[in-house]
Amino acid sequence: MGAPRARAGSELVTHRTRQDGPAAAAILDFAAAQILRDDTDLGALPAVLARLVTISGVRAAVAFQPSAGQPAAVLAMDPRGAVAPALLAKIAALTLIQRDAGPTSDTAAVQVTTVESDGLTASALLAYSAPTDGRCLCALALIGDAASWDDEIRATAHAVATIVATQIRHANDLATLAERQMLTQALIAASPTAIVAMDASGRLVEFNLAAETLSGYRRDDVLGQPMSEVMIPEHDLPRFQQHLRTYVVTGDPGDYTGQMRISIRRADGTERTAELTPVQMTVGGEVIFTGFLRDITEFEHSHDALADQTERLNCLIGAAVPAIMITDEKSRITHVSRSFGVLFHIEDPGQLVGTSATSLVRRIQHLFADPDGFARRCAEARRAKAPVSKEQLKSADGRTIENDYWPVLVDGRFRGDLWLAWDTSERAALEQRHHQMLDAELDARHLAEQVQKKLAGQNERLRKLDESRNQFLAIVSHELRTPLTSILSFSELIRGEAEGLTQEGIRYLEIIERNADRLHRLVGDLLMLDRLDAGALPLDLAPVSVAELTSEAVGSAAAGAAKQGITIGVTAGAGPAVRGDLRRLMQVFDNLIANAVKFSHRNGHVHITATFDGGSWRIDVADDGIGIPPEEVGQLFTRFVRASNARTAGLPGTGLGLSIVKVLVEMHGGHVEAASTLGHGSVFSVYLPAATSPASEGAASKGLASKGLALGGLASEGAASEGPASEGPVYRGRA
């Protein structure tokens with residue numbers, strides 16, 4: 001610590017004087033390095049004065065320290081004996097002038113004077129250090145020829161005086177600190193409060209006599225040991241260490257708001273509860289954690305027991321059904337229940353605590369039919385201090401208030417009153433409400449029976465109407481199918497004679513065929529729904545390869561898609577077969593792919609992706625078409641429901657296809673979902689469970705050909721039930 005302080009002192013006093021010359025700067029550097037060291041003596045001061053005499057050309061240099069109530073002391077002089085004692089005493093007396101009112105500027109800090117004593121005359125330059133706490137600690141006198149005392153000598157003398165004063169102040173501070181440390185140690189040792197101190201690592205550096213008494217440990221045995229290992233029991237150790245670390249680093253005791261309640265393990269193994277008040281200090285640059293320990297074991301036990309009893313009593317009174325009020329021996333209210341406030345129309349009964357019960361009686365007596373009688377009975381009961389039970393009083397609003405009074409006696413001494421009150425008129429009201437509720441329940445049951453009978457009749461009529469509707473649809477569908485078949489057949493015959501038709505006739509024929517085909521599909525959908533509703537659509541279940549199923553569905557739709565310039569791609573992953581009806585599953589994907597093509601933009605793209613996740617298949621049919629409004633996606637699988645933008649765009653459709661898809665997929669134990677972004681396309685996802693029977697093994701070998709359907713080379717390569725996923729062909733078709 002000496003070297004840094006010396007550098008700081010030299011920089012302080014030489015900053016202004018380095019411009020005065022190399023010799024002056026050299027003296028100041030030498031003075032700062034020799035005097036401002038770790039030691040507090042001034043042994044190097046004579047050497048500094050000798051150099052000052054040399055460069056200034058004076059006869060002698062003397063350093064004084066003004067002292068209160070006595071002549072200034074000579075700190076050092078060079079050369080010794082060069083000044084007569086009489087002159088030296090005179091100069092010392094002059095330095096006392098600056099002892100209590102030091103100079104305030106460099107001009108006042110350096111003075112030139114002529115000293116005379118006993119017939120001797122000398123010229124002296126007096127340089128005073130800057131005042132410290134209003135006192136000058138060093139005066140430097142140069143004795144010689146005044147003509148040689150230029151600005152350089154003046155500034156150098158003043159700077160040397162300041163350096164010496166800095167060292168004197170440092171020595172005084174160390175002495176004061178040592179005295180304070182001795183006083184502190186004496187106070188700690190004699191304190192009746194247990195005091196411990198730890199360093200930043202938690203090791204004990206102080207342990208007074210009171211701490212020995214509290215813990216049972218000897219001071220010499222615990223110093224240097226971690227407090228957490230010596231005194232803190234294991235169950236409280238993590239909490240203590242955490243809060244200690246937090247407090248040492250931040251000075252914040254955390255949740256303890258200035259005090260820590262900890263457990264202390266004594267030397268005999270017993271535990272005590274102590275309150276630790278932490279104080280963080282920095283001594284010599286090191287963080288010291290000091291704690292004052294107070295044994296609160298007995299207080300803790302009694303306080304906890306009392307707090308528990310008080311809390312239970314408060315909870316019991318607060319939640320009590322009867323109105324409760326408790327007063328002390330001076331008739332001051334100590335407890336009051338919420339029900340008391342309800343009974344006597346007091347919004348915040350808690351505000352009554354601490355007030356007089358007599359004032360409360362005056363406040364609520366108007367609620368009774370006989371106010372004066374109520375007040376008189378309360379006073380009589382308290383004076384008699386005899387229990388009163390089930391005394392009834394009429395209230396002004398017609399209620400009957402039942403009252404109990406009990407004096408509170410402790411060891412035979414009167415300690416207060418307990419008042420209880422009930423509104424007994426509520427009993428009759430409750431009984432009346434009970435009868436009313438029974439009557440209302442009987443009426444509700446009777447009404448419910450009538451409503452149920454009415455609903456049953458309406459349900460029967462609706463069932464008959466539904467049957468009639470289904471029969472009508474079935475009849476109409478059958479009746480329409482025959483003429484539609486004839487129309488389509490004769491249209492084909494006419495197209496065979498197309499050479500005799502005009503271009504306009506061919507166009508008319510195309511319109512007839514297109515609308516007849518549309519009507520034929522509608523009739524087919526209606527018949528399918530009729531069979532589904534009637535449960536007359538059995539499934540011909542067999543193992544079906546998903547890869548071949550999707551490839552065949554894509555191949556069937558490719559030609560129609562090509563007319564709009566739409567490409568269809570398929571990607572099928574590896575996985576087991578599903579157990580299903582090939583024809584109905586083909587119907588599902590024909591419908592989904594046809595919708596994707598219909599609602600795609602020209603030159604758009606439709607892609608079918610089949611993946612197996614270990615339990616079921618997911619087949620996605622995705623397009624980049626017009627999409628579906630978000631609020632309408634959930635209604636797509638309802639019969640006769642179509643997206644509003646499809647109707648606006650004039651795209652044909654009946655709204656039956658997706659409802660049929662939903663029923664067919666669910667018949668196979670799966671489900672179908674839809675997701676769409678308006679203007680960017682839609683994705684319809686079909687989830688089908690994989691076959692679990694042994695017959696599903698090798699299902700890929702029983703492809704669509706086993707149903708008598710020719711694949712025509714449209715199945716994806718590598719679409720077997722085993723092996724890696726494959727990217728199927730992209731079908732562009734031929735217009």
# chains A, B, ... in the order shown; residues from 1 in each chain; ligands from 1

$ residues_around --residues "Ile55 in chain A" --least-positions-apart "2" --cutoff "10 Å" --atoms "only C-alpha atoms" --output "list in words"
Ala23, Ala24, Ile27, Ala50, Arg51, Leu52, Val53, Gly57, Val58 and Ile153 of chain A

$ write_last_selection --atoms "C-alpha atoms" --output "JSON list (two decimals), in the first residue's frame"
[["chain", "number", "residue", "atom", "x", "y", "z"],
["A", 23, "ALA", "CA", 16.15, 20.36, -9.91],
["A", 24, "ALA", "CA", 12.86, 21.19, -8.17],
["A", 27, "ILE", "CA", 13.58, 17.00, -5.10],
["A", 50, "ALA", "CA", 19.61, 18.52, 2.67],
["A", 51, "ARG", "CA", 18.75, 18.36, -1.03],
["A", 52, "LEU", "CA", 16.47, 21.36, -0.63],
["A", 53, "VAL", "CA", 19.33, 23.34, 0.96],
["A", 57, "GLY", "CA", 21.41, 27.89, -1.80],
["A", 58, "VAL", "CA", 20.06, 28.70, 1.65],
["A", 153, "ILE", "CA", 11.99, 27.84, -4.45]]

$ closest_residue --among "A:Asp443, A:Asp268, A:Glu460, A:Asp417" --to "Ile326 in chain A" --atoms "only C-alpha atoms"
A:Asp417

$ closest_residue --among "A:Leu28, A:Cys138, A:Leu42, A:Glu234" --to "Ala159 in chain A" --atoms "only C-alpha atoms"
A:Leu28

$ select_by_dssp --residues "range 127-198 of chain A" --states "strand (DSSP E or B)" --output "list in words"
Ala127, Tyr128, Thr132, Arg135, Ala139, Leu140, Ala141, Leu142, Ile143, Gly144, Ala194, Ile195, Val196, Ala197 and Met198 of chain A

$ residues_around --residues "His607 in chain A" --least-positions-apart "5" --cutoff "7 Å" --atoms "only C-alpha atoms" --output "PyMOL selection string"
chain A and resi 568-570+621-623

$ closest_residue --among "A:Ile593, A:Leu75, A:Ala161, A:Ile626" --to "Leu651 in chain A" --atoms "only C-alpha atoms"
A:Ile626

$ residues_around --residues "Trp419 in chain A" --least-positions-apart "2" --cutoff "6 Å" --atoms "only C-alpha atoms" --output "PyMOL selection string"
chain A and resi 324-325+404-405

$ closest_residue --among "A:Ile188, A:Ile288, A:Ile619, A:Ala691" --to "Arg203 in chain A" --atoms "only C-alpha atoms"
A:Ile288

$ closest_residue --among "A:Leu49, A:Ile566, A:Ala574, A:Ala421" --to "Val546 in chain A" --atoms "only C-alpha atoms"
A:Ala574

$ residues_around --residues "Glu391 in chain A" --least-positions-apart "2" --cutoff "6 Å" --atoms "only C-alpha atoms" --output "list in words"
Ser389, Glu402 and Asn403 of chain A

$ write_last_selection --atoms "N, CA and C atoms" --output "PDB file, in the first residue's frame"
ATOM      1  N   SER A 389     -79.664 -17.474  28.154  1.00  0.00           N
ATOM      2  CA  SER A 389     -79.725 -18.330  26.967  1.00  0.00           C
ATOM      3  C   SER A 389     -81.088 -18.220  26.297  1.00  0.00           C
ATOM      4  N   GLU A 402     -82.752 -14.058  18.530  1.00  0.00           N
ATOM      5  CA  GLU A 402     -82.498 -14.857  19.732  1.00  0.00           C
ATOM      6  C   GLU A 402     -81.090 -14.549  20.237  1.00  0.00           C
ATOM      7  N   ASN A 403     -80.959 -14.274  21.554  1.00  0.00           N
ATOM      8  CA  ASN A 403     -79.692 -13.808  22.111  1.00  0.00           C
ATOM      9  C   ASN A 403     -79.204 -14.734  23.223  1.00  0.00           C
TER      10      ASN A 403
END

$ atom_distance --atom1 "CA of Gly657 in chain A" --atom2 "CA of Ile512 in chain A"
22.4 Å

$ residues_around --residues "Thr611 in chain A" --least-positions-apart "5" --cutoff "6 Å" --atoms "only C-alpha atoms" --output "ChimeraX atom specification"
/A:573,617-618

$ residues_around --residues "range 367-378 of chain A" --least-positions-apart "3" --cutoff "7 Å" --atoms "only C-alpha atoms" --output "PyMOL selection string"
chain A and resi 361+364+381-382+394-396

$ write_last_selection --atoms "N, CA and C atoms" --output "PDB file, in the first residue's frame"
ATOM      1  N   VAL A 361     -74.247  -0.590  21.302  1.00  0.00           N
ATOM      2  CA  VAL A 361     -75.652  -0.802  21.678  1.00  0.00           C
ATOM      3  C   VAL A 361     -76.491   0.392  21.248  1.00  0.00           C
ATOM      4  N   ILE A 364     -77.137   0.330  17.389  1.00  0.00           N
ATOM      5  CA  ILE A 364     -78.027  -0.660  16.755  1.00  0.00           C
ATOM      6  C   ILE A 364     -79.373  -0.797  17.459  1.00  0.00           C
ATOM      7  N   ALA A 381     -77.774  -7.727  31.828  1.00  0.00           N
ATOM      8  CA  ALA A 381     -77.033  -8.984  31.678  1.00  0.00           C
ATOM      9  C   ALA A 381     -75.569  -8.801  32.040  1.00  0.00           C
ATOM     10  N   ARG A 382     -74.996  -7.663  31.624  1.00  0.00           N
ATOM     11  CA  ARG A 382     -73.567  -7.464  31.914  1.00  0.00           C
ATOM     12  C   ARG A 382     -73.340  -7.200  33.401  1.00  0.00           C
ATOM     13  N   LYS A 394     -87.896  -8.902  19.580  1.00  0.00           N
ATOM     14  CA  LYS A 394     -88.457  -8.590  18.276  1.00  0.00           C
ATOM     15  C   LYS A 394     -87.719  -7.396  17.662  1.00  0.00           C
ATOM     16  N   SER A 395     -87.413  -7.556  16.378  1.00  0.00           N
ATOM     17  CA  SER A 395     -86.767  -6.454  15.673  1.00  0.00           C
ATOM     18  C   SER A 395     -87.812  -5.566  15.022  1.00  0.00           C
ATOM     19  N   ALA A 396     -87.396  -4.357  14.655  1.00  0.00           N
ATOM     20  CA  ALA A 396     -88.330  -3.399  14.071  1.00  0.00           C
ATOM     21  C   ALA A 396     -88.891  -3.871  12.742  1.00  0.00           C
TER      22      ALA A 396
END
